[in-house]
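S.K.: Just one file: start_12.cif, with mmCIF, C-alpha atoms.
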```cif
data_upload
#
loop_
_atom_site.label_atom_id
_atom_site.label_comp_id
_atom_site.auth_asym_id
_atom_site.auth_seq_id
_atom_site.Cartn_x
_atom_site.Cartn_y
_atom_site.Cartn_z
CA MET Y 1 135.18 73.09 132.97
CA ALA Y 2 131.97 74.06 134.79
CA ALA Y 3 130.75 72.83 138.17
CA ARG Y 4 128.23 73.59 140.91
CA ALA Y 5 129.02 74.62 144.45
CA ASP Y 6 128.19 71.11 145.71
CA GLY Y 7 131.00 69.63 143.61
CA THR Y 8 128.84 68.34 140.75
CA GLU Y 9 130.56 68.59 137.38
CA VAL Y 10 128.28 70.29 134.85
CA ALA Y 11 130.37 70.58 131.70
CA ARG Y 12 133.84 69.64 130.55
CA VAL Y 13 135.47 69.94 127.14
CA ASP Y 14 138.43 67.57 126.86
CA ASP Y 15 138.39 66.98 123.11
CA TRP Y 16 138.76 70.58 121.93
CA PRO Y 17 139.17 70.36 118.15
CA ARG Y 18 141.90 73.07 117.88
CA PRO Y 19 140.83 74.09 114.39
CA SER Y 20 143.68 76.55 113.85
CA ARG Y 21 146.30 73.95 114.70
CA THR Y 22 144.79 71.23 112.55
CA GLY Y 23 144.30 73.59 109.62
CA MET Y 24 147.70 75.27 109.82
CA ALA Y 25 149.20 73.28 106.93
CA ARG Y 26 146.35 74.24 104.61
CA GLN Y 27 146.50 77.85 105.80
CA ARG Y 28 150.20 78.12 104.96
CA ARG Y 29 149.65 76.58 101.57
CA LEU Y 30 146.86 79.03 100.75
CA ALA Y 31 148.92 81.96 102.02
CA ARG Y 32 151.85 80.99 99.80
CA ALA Y 33 149.48 80.76 96.85
CA VAL Y 34 148.42 84.36 97.46
CA THR Y 35 151.98 85.68 97.56
CA ARG Y 36 152.86 83.90 94.31
CA LYS Y 37 150.16 85.65 92.34
CA PRO Y 38 150.88 89.07 90.77
CA PRO Y 39 149.52 91.95 92.88
CA GLY Y 40 146.26 93.31 91.52
CA SER Y 41 145.54 90.27 89.35
CA ARG Y 42 142.29 88.35 89.35
CA ASN Y 43 144.13 85.15 90.29
CA ARG Y 44 145.51 86.86 93.39
CA ALA Y 45 142.01 87.98 94.34
CA LYS Y 46 140.71 84.43 93.94
CA ALA Y 47 143.56 83.03 96.06
CA ALA Y 48 142.90 85.63 98.75
CA ALA Y 49 139.22 84.68 98.73
CA ARG Y 50 140.10 81.02 99.26
CA LEU Y 51 142.31 81.99 102.20
CA GLY Y 52 139.51 84.08 103.64
CA ARG Y 53 137.04 81.20 103.39
CA HIS Y 54 139.52 78.99 105.22
CA HIS Y 55 139.75 81.47 108.10
CA ALA Y 56 135.95 81.76 108.19
CA ARG Y 57 135.57 77.98 108.39
CA ILE Y 58 138.00 77.79 111.33
CA ALA Y 59 136.12 80.54 113.16
CA ALA Y 60 132.78 78.79 112.52
CA ILE Y 61 134.04 75.51 113.99
CA ARG Y 62 135.23 77.31 117.10
CA ARG Y 63 132.02 79.30 117.57
CA ARG Y 64 129.80 76.25 117.05
CA LEU Y 65 131.37 74.40 119.98
CA LEU Y 66 131.35 77.47 122.23
CA HIS Y 67 127.67 78.12 121.48
CA LYS Y 68 126.87 74.50 122.31
CA VAL Y 69 128.52 74.77 125.73
CA SER Y 70 127.18 78.24 126.56
CA ASN Y 71 123.62 77.29 125.57
CA LYS Y 72 123.75 74.29 127.87
CA LEU Y 73 124.87 76.45 130.79
CA VAL Y 74 122.38 79.29 130.41
CA LYS Y 75 119.44 76.90 129.88
CA THR Y 76 120.05 75.08 133.16
CA HIS Y 77 121.40 77.77 135.52
CA ASP Y 78 120.09 81.17 136.56
CA LYS Y 79 123.40 82.15 138.16
CA LEU Y 80 126.81 81.70 136.61
CA ALA Y 81 130.28 82.78 137.70
CA ILE Y 82 133.17 83.21 135.32
CA GLU Y 83 136.82 83.86 136.03
CA THR Y 84 138.31 87.01 134.56
CA LEU Y 85 141.69 86.58 132.91
CA THR Y 86 144.15 88.96 131.27
CA ILE Y 87 144.02 87.28 127.90
CA THR Y 88 146.01 90.01 126.16
CA GLY Y 89 148.82 89.40 128.61
CA MET Y 90 148.71 85.66 127.99
CA LEU Y 91 149.04 86.25 124.26
CA THR Y 92 152.46 87.79 124.88
CA ASN Y 93 153.70 84.40 126.11
CA ARG Y 94 154.96 82.66 123.00
CA ARG Y 95 154.47 79.24 124.61
CA LEU Y 96 150.79 79.82 125.30
CA ALA Y 97 149.76 82.36 122.66
CA ALA Y 98 148.82 79.87 119.94
CA ALA Y 99 146.79 77.64 122.28
CA VAL Y 100 145.01 80.58 123.94
CA ALA Y 101 144.12 82.15 120.59
CA ASP Y 102 142.91 78.82 119.18
CA ALA Y 103 140.67 78.26 122.20
CA ALA Y 104 139.18 81.80 122.00
CA TRP Y 105 139.17 82.27 125.75
CA GLY Y 106 137.42 85.63 125.53
CA GLU Y 107 134.48 84.32 123.51
CA PRO Y 108 132.75 82.25 126.27
CA GLY Y 109 132.47 85.32 128.47
CA ARG Y 110 130.96 87.36 125.64
CA GLN Y 111 128.40 84.68 124.80
CA LEU Y 112 127.41 84.03 128.41
CA THR Y 113 126.99 87.76 129.05
CA TYR Y 114 124.40 88.45 126.38
CA LYS Y 115 122.68 85.07 126.69
CA GLN Y 116 122.13 85.57 130.41
CA GLN Y 117 120.75 89.03 129.65
CA TRP Y 118 118.36 87.45 127.16
CA ARG Y 119 117.10 84.99 129.78
CA GLY Y 120 117.16 87.32 132.78
CA GLY Y 121 119.94 85.42 134.54
CA HIS Y 122 123.00 86.58 136.45
CA LEU Y 123 126.64 86.36 135.38
CA THR Y 124 129.16 87.16 138.10
CA PRO Y 125 132.76 87.91 137.09
CA VAL Y 126 135.28 86.63 139.62
CA ASP Y 127 138.50 88.56 140.08
CA ARG Y 128 141.47 86.90 138.43
CA TRP Y 129 143.49 87.17 141.66
CA TYR Y 130 141.04 84.97 143.56
CA PRO Y 131 143.02 81.77 144.39
CA SER Y 132 140.43 79.32 143.06
CA THR Y 133 143.02 76.73 142.05
CA LYS Y 134 144.90 76.73 145.37
CA THR Y 135 141.88 76.80 147.69
CA CYS Y 136 140.43 73.56 149.05
CA ALA Y 137 136.72 73.53 148.20
CA PRO Y 138 135.53 71.58 151.32
CA CYS Y 139 137.68 73.12 154.08
CA ARG Y 140 138.75 76.41 152.39
CA THR Y 141 142.43 75.86 153.22
CA LEU Y 142 144.88 77.67 150.96
CA ALA Y 143 147.45 75.27 149.50
CA PRO Y 144 150.94 76.24 148.30
CA ALA Y 145 151.57 77.22 144.71
CA MET Y 146 150.52 74.65 142.10
CA PRO Y 147 152.48 74.43 138.83
CA LEU Y 148 150.60 73.76 135.62
CA ASP Y 149 151.92 70.21 135.34
CA GLN Y 150 150.25 69.29 138.66
CA ARG Y 151 146.79 68.25 137.52
CA THR Y 152 145.45 66.92 140.84
CA PHE Y 153 144.70 69.12 143.83
CA VAL Y 154 145.62 67.54 147.17
CA CYS Y 155 144.73 69.34 150.40
CA GLY Y 156 147.31 68.92 153.15
CA ALA Y 157 144.76 69.78 155.86
CA CYS Y 158 141.78 67.51 155.14
CA GLY Y 159 143.21 65.16 152.50
CA TYR Y 160 140.70 66.17 149.83
CA GLN Y 161 141.76 65.22 146.29
CA ALA Y 162 140.22 66.37 143.03
CA ASP Y 163 141.06 67.41 139.52
CA ARG Y 164 142.55 70.90 139.72
CA ASP Y 165 140.09 72.33 137.20
CA LEU Y 166 137.10 70.80 138.99
CA ASN Y 167 138.28 72.16 142.34
CA ALA Y 168 138.75 75.62 140.84
CA ALA Y 169 135.30 75.57 139.21
CA VAL Y 170 133.66 74.57 142.51
CA ASN Y 171 135.43 77.44 144.28
CA LEU Y 172 134.14 79.90 141.70
CA ALA Y 173 130.59 78.62 142.23
CA ILE Y 174 130.97 78.95 146.01
CA TRP Y 175 132.28 82.49 145.61
CA ALA Y 176 129.29 83.43 143.45
CA GLU Y 177 126.78 81.99 145.93
CA GLN Y 178 128.36 83.90 148.81
CA HIS Y 179 128.25 87.18 146.88
CA HIS Y 180 124.65 86.61 145.75
CA ALA Y 181 123.41 85.69 149.22
CA GLN Y 182 121.91 89.14 149.87
CA ILE Y 183 120.52 89.76 146.37
CA ARG Y 184 116.74 89.77 146.23
CA ASP Y 185 114.49 89.01 143.32
CA LEU Y 186 112.57 92.24 142.69
CA HIS Y 187 109.64 90.42 141.07
CA ALA Y 188 109.26 87.44 143.39
CA GLY Y 189 110.27 89.25 146.58
CA GLY Y 190 112.51 86.40 147.69
CA PRO Y 191 116.15 85.44 147.45
CA VAL Y 192 117.61 84.53 144.11
CA THR Y 193 117.83 80.77 143.89
CA LYS Y 194 119.87 78.47 141.73
CA ALA Y 195 116.96 76.42 140.46
CA ARG Y 196 117.22 74.52 137.21
CA ARG Y 197 115.56 76.32 134.35
CA GLY Y 198 113.14 74.61 131.98
CA GLU Y 199 113.63 74.52 128.25
CA GLY Y 200 110.68 76.81 127.63
CA SER Y 201 111.40 79.54 130.19
CA GLY Y 202 112.95 82.90 129.50
CA PRO Y 203 112.46 85.26 126.57
CA ARG Y 204 112.46 82.95 123.59
CA THR Y 205 111.38 85.18 120.74
CA ARG Y 206 112.39 88.73 119.97
CA ALA Y 207 110.90 91.28 117.63
CA SER Y 208 113.07 90.06 114.80
CA GLY Y 209 111.59 86.58 115.12
CA THR Y 210 114.74 84.96 116.52
CA GLY Y 211 115.52 83.81 120.03
CA PRO Y 212 118.61 82.96 122.09
CA ASP Y 213 118.73 79.47 120.58
CA ASP Y 214 118.46 80.59 116.98
CA THR Y 215 121.43 82.89 116.58
CA GLY Y 216 125.01 83.32 117.70
CA THR Y 217 125.01 87.10 117.41
CA ALA Y 218 124.16 89.62 120.09
CA PRO Y 219 120.78 91.33 119.71
CA THR Y 220 120.57 94.40 117.48
CA PRO Y 221 119.78 97.56 119.50
CA SER Y 222 116.33 99.00 118.98
CA GLY Y 223 116.14 101.97 116.71
CA VAL Y 224 118.86 100.82 114.33
CA ARG Y 225 117.42 100.47 110.89
CA SER Y 226 118.26 97.53 108.68
CA GLY Y 227 119.75 97.78 105.24
CA ARG Y 228 123.04 99.53 104.69
CA PRO Y 229 125.53 98.36 107.35
CA ARG Y 230 126.94 100.97 109.68
CA ARG Y 231 130.27 101.09 111.39
CA ALA Y 232 130.01 100.42 115.10
CA LEU Y 233 132.32 99.94 118.03
CA SER Y 234 132.36 96.56 119.74
CA HIS Y 235 133.68 95.55 123.15
CA ASN Y 236 135.30 92.14 123.48
CA SER Y 237 135.22 90.74 127.00
CA ASN Y 238 138.32 89.07 128.41
CA GLU Y 239 136.37 87.02 130.89
CA LEU Y 240 136.53 83.24 131.10
#
```
If you took the structure in this file and wrote it as structure tokens, what would it be?
M.R.:
Amino acid sequence: MAARADGTEVARVDDWPRPSRTGMARQRRLARAVTRKPPGSRNRAKAAARLGRHHARIAAIRRRLLHKVSNKLVKTHDKLAIETLTITGMLTNRRLAAAVADAAWGEPGRQLTYKQQWRGGHLTPVDRWYPSTKTCAPCRTLAPAMPLDQRTFVCGACGYQADRDLNAAVNLAIWAEQHHAQIRDLHAGGPVTKARRGEGSGPRTRASGTGPDDTGTAPTPSGVRSGRPRRALSHNSNEL
């Protein structure tokens, strides 16, 4: 769910494909085929390769949808706010672990981070303790605790009603605007605005001949030669 500070809904994904869940039966069948083959045999290697291709296909389906959503957001907004979550802690909950892992909650934050850097935008992480779900967007009244099964936010002070995810997204946008109020654009000399960005603006082409719309991989640092791959450390963001 993504929304602006004025309450306008920007993006919502209700029909998440859940590729891991839908492909679990095939995954188990392929895994059993691997264990039935003699260790070190060519048939075992072929079965392991089929299992690896299955995992790669699931990951590709997930990344394709996330890139579609993240590209839409960075093309139309200079400023974005994203809620930080302790995803590793959520994975310890056996009731939520499978759904959280299938949705790849850490991947949107990673994509938005480097895509905003490509386009010169701003990405503001919002602290996970900020009560975005329990705060009324119009009157800023803090409501009592809301269980997960309560999908509609109802304010007891002003009577405002909205989808809980929409209300939370609006609160995140308001928080970002308040914290960016004093930031100045060093090039233009004025305040940073939230104007819609055209399709052709921003750095479109890099030295390698690819742009933000042509690849799903973060840019390669300058000075790193191509050819033989090198081992590198990567940092996975837990933001959402």
S.K.: Could you spell out the hits of the PyMOL selection byres ((chain Y and resi 153-170) around 12) on the shown file, as a ChimeraX atom specification?
M.R.: /Y:1-14,80-83,126,128,130-152,171-177,240
S.K.: Please produce a file of those selected residues containing C-alpha atoms, as an mmCIF file, keeping the file's coordinate frame.
M.R.:
```cif
data_model
loop_
_atom_site.group_PDB
_atom_site.id
_atom_site.type_symbol
_atom_site.label_atom_id
_atom_site.label_comp_id
_atom_site.auth_asym_id
_atom_site.auth_seq_id
_atom_site.Cartn_x
_atom_site.Cartn_y
_atom_site.Cartn_z
ATOM 1 C CA MET Y 1 135.180 73.090 132.970
ATOM 2 C CA ALA Y 2 131.970 74.060 134.790
ATOM 3 C CA ALA Y 3 130.750 72.830 138.170
ATOM 4 C CA ARG Y 4 128.230 73.590 140.910
ATOM 5 C CA ALA Y 5 129.020 74.620 144.450
ATOM 6 C CA ASP Y 6 128.190 71.110 145.710
ATOM 7 C CA GLY Y 7 131.000 69.630 143.610
ATOM 8 C CA THR Y 8 128.840 68.340 140.750
ATOM 9 C CA GLU Y 9 130.560 68.590 137.380
ATOM 10 C CA VAL Y 10 128.280 70.290 134.850
ATOM 11 C CA ALA Y 11 130.370 70.580 131.700
ATOM 12 C CA ARG Y 12 133.840 69.640 130.550
ATOM 13 C CA VAL Y 13 135.470 69.940 127.140
ATOM 14 C CA ASP Y 14 138.430 67.570 126.860
ATOM 15 C CA LEU Y 80 126.810 81.700 136.610
ATOM 16 C CA ALA Y 81 130.280 82.780 137.700
ATOM 17 C CA ILE Y 82 133.170 83.210 135.320
ATOM 18 C CA GLU Y 83 136.820 83.860 136.030
ATOM 19 C CA VAL Y 126 135.280 86.630 139.620
ATOM 20 C CA ARG Y 128 141.470 86.900 138.430
ATOM 21 C CA TYR Y 130 141.040 84.970 143.560
ATOM 22 C CA PRO Y 131 143.020 81.770 144.390
ATOM 23 C CA SER Y 132 140.430 79.320 143.060
ATOM 24 C CA THR Y 133 143.020 76.730 142.050
ATOM 25 C CA LYS Y 134 144.900 76.730 145.370
ATOM 26 C CA THR Y 135 141.880 76.800 147.690
ATOM 27 C CA CYS Y 136 140.430 73.560 149.050
ATOM 28 C CA ALA Y 137 136.720 73.530 148.200
ATOM 29 C CA PRO Y 138 135.530 71.580 151.320
ATOM 30 C CA CYS Y 139 137.680 73.120 154.080
ATOM 31 C CA ARG Y 140 138.750 76.410 152.390
ATOM 32 C CA THR Y 141 142.430 75.860 153.220
ATOM 33 C CA LEU Y 142 144.880 77.670 150.960
ATOM 34 C CA ALA Y 143 147.450 75.270 149.500
ATOM 35 C CA PRO Y 144 150.940 76.240 148.300
ATOM 36 C CA ALA Y 145 151.570 77.220 144.710
ATOM 37 C CA MET Y 146 150.520 74.650 142.100
ATOM 38 C CA PRO Y 147 152.480 74.430 138.830
ATOM 39 C CA LEU Y 148 150.600 73.760 135.620
ATOM 40 C CA ASP Y 149 151.920 70.210 135.340
ATOM 41 C CA GLN Y 150 150.250 69.290 138.660
ATOM 42 C CA ARG Y 151 146.790 68.250 137.520
ATOM 43 C CA THR Y 152 145.450 66.920 140.840
ATOM 44 C CA ASN Y 171 135.430 77.440 144.280
ATOM 45 C CA LEU Y 172 134.140 79.900 141.700
ATOM 46 C CA ALA Y 173 130.590 78.620 142.230
ATOM 47 C CA ILE Y 174 130.970 78.950 146.010
ATOM 48 C CA TRP Y 175 132.280 82.490 145.610
ATOM 49 C CA ALA Y 176 129.290 83.430 143.450
ATOM 50 C CA GLU Y 177 126.780 81.990 145.930
ATOM 51 C CA LEU Y 240 136.530 83.240 131.100
#
```
S.K.: With region 111-118 of chain Y as the partner and 12 Å as the cut-off, tabulate the residues of region 14-78 of chain Y that qualify, each row holding the nearest pair of atoms and their distance in Å to one decimal, using only C-alpha atoms, sorted by chain and rising number, as a tab-separated table.
M.R.:
```
residue	atom	partner	partner_atom	distance
Y:Arg63	CA	Y:Gln111	CA	9.7
Y:Arg64	CA	Y:Gln111	CA	11.5
Y:Leu65	CA	Y:Gln111	CA	11.7
Y:Leu66	CA	Y:Gln111	CA	8.2
Y:His67	CA	Y:Gln111	CA	7.4
Y:Lys68	CA	Y:Gln111	CA	10.6
Y:Val69	CA	Y:Leu112	CA	9.7
Y:Ser70	CA	Y:Leu112	CA	6.1
Y:Asn71	CA	Y:Lys115	CA	7.9
Y:Lys72	CA	Y:Leu112	CA	10.4
Y:Leu73	CA	Y:Leu112	CA	8.3
Y:Val74	CA	Y:Gln116	CA	6.3
Y:Lys75	CA	Y:Gln116	CA	9.1
Y:Thr76	CA	Y:Gln116	CA	11.0
Y:His77	CA	Y:Gln116	CA	9.4
Y:Asp78	CA	Y:Gln116	CA	7.8
```
S.K.: Would you write out, as a list of chain:residue names, every residue that the PyMOL selection byres ((chain Y and resi 18) around 12) captures in this file?
M.R.: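 Evaluating the PyMOL selection byres ((chain Y and resi 18) around 12) on these coordinates yields Y:Val13, Y:Asp14, Y:Asp15, Y:Trp16, Y:Pro17, Y:Pro19, Y:Ser20, Y:Arg21, Y:Thr22, Y:Gly23, Y:Met24, Y:Ile58, Y:Ala59, Y:Ile61, Y:Arg62, Y:Arg63, Y:Leu65, Y:Ala98, Y:Ala99, Y:Val100, Y:Ala101, Y:Asp102, Y:Ala103, Y:Ala104.
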S.K.: My list of candidates is Y:Gln178, Y:Gln27, Y:Arg94, Y:His122. Which is closest to Arg53 (chain Y) when distances are computed with all atoms listed in the file?
M.R.: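 Of Y:Gln178, Y:Gln27, Y:Arg94, Y:His122, the one nearest Arg53 (chain Y) is Y:Gln27, counting all atoms listed in the file.
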S.K.: Could you check how far CA of Leu123 (chain Y) sits from CA of Arg110 (chain Y), in Å to one decimal?
M.R.: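 Taking CA of Leu123 (chain Y) as the start and CA of Arg110 (chain Y) as the end point, the length is 10.7 Å.
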S.K.: Quick check, in Å to one decimal: how far apart do CA of Trp105 (chain Y) and CA of Ala48 (chain Y) lie?
M.R.: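 Computing the Euclidean distance for CA of Trp105 (chain Y) and CA of Ala48 (chain Y) yields 27.5 Å.
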S.K.: Would you compute the distance between CA of Arg29 (chain Y) and CA of Asn43 (chain Y)? Give it in Å to one decimal.
M.R.: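 So the two atoms, CA of Arg29 (chain Y) and CA of Asn43 (chain Y), lie 15.2 Å apart.
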S.K.: Return as lines of an AutoDock Vina configuration file the box centre and box size in Å, one decimal, for an axis-aligned box around all listed atoms of region 43-59 of chain Y padded by 4 Å per side.
M.R.:
```
center_x = 140.5
center_y = 82.9
center_z = 101.7
size_x = 17.9
size_y = 18.2
size_z = 30.9
```
S.K.: For each of Y:Leu96, Y:Leu91, Y:Leu85, Y:Leu30, take the minimum atom-to-atom distance to His55 (chain Y), counting all atoms listed in the file, then give the residue where this is smallest.
M.R.: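 Nearest candidate to His55 (chain Y) out of Y:Leu96, Y:Leu91, Y:Leu85, Y:Leu30: Y:Leu30.
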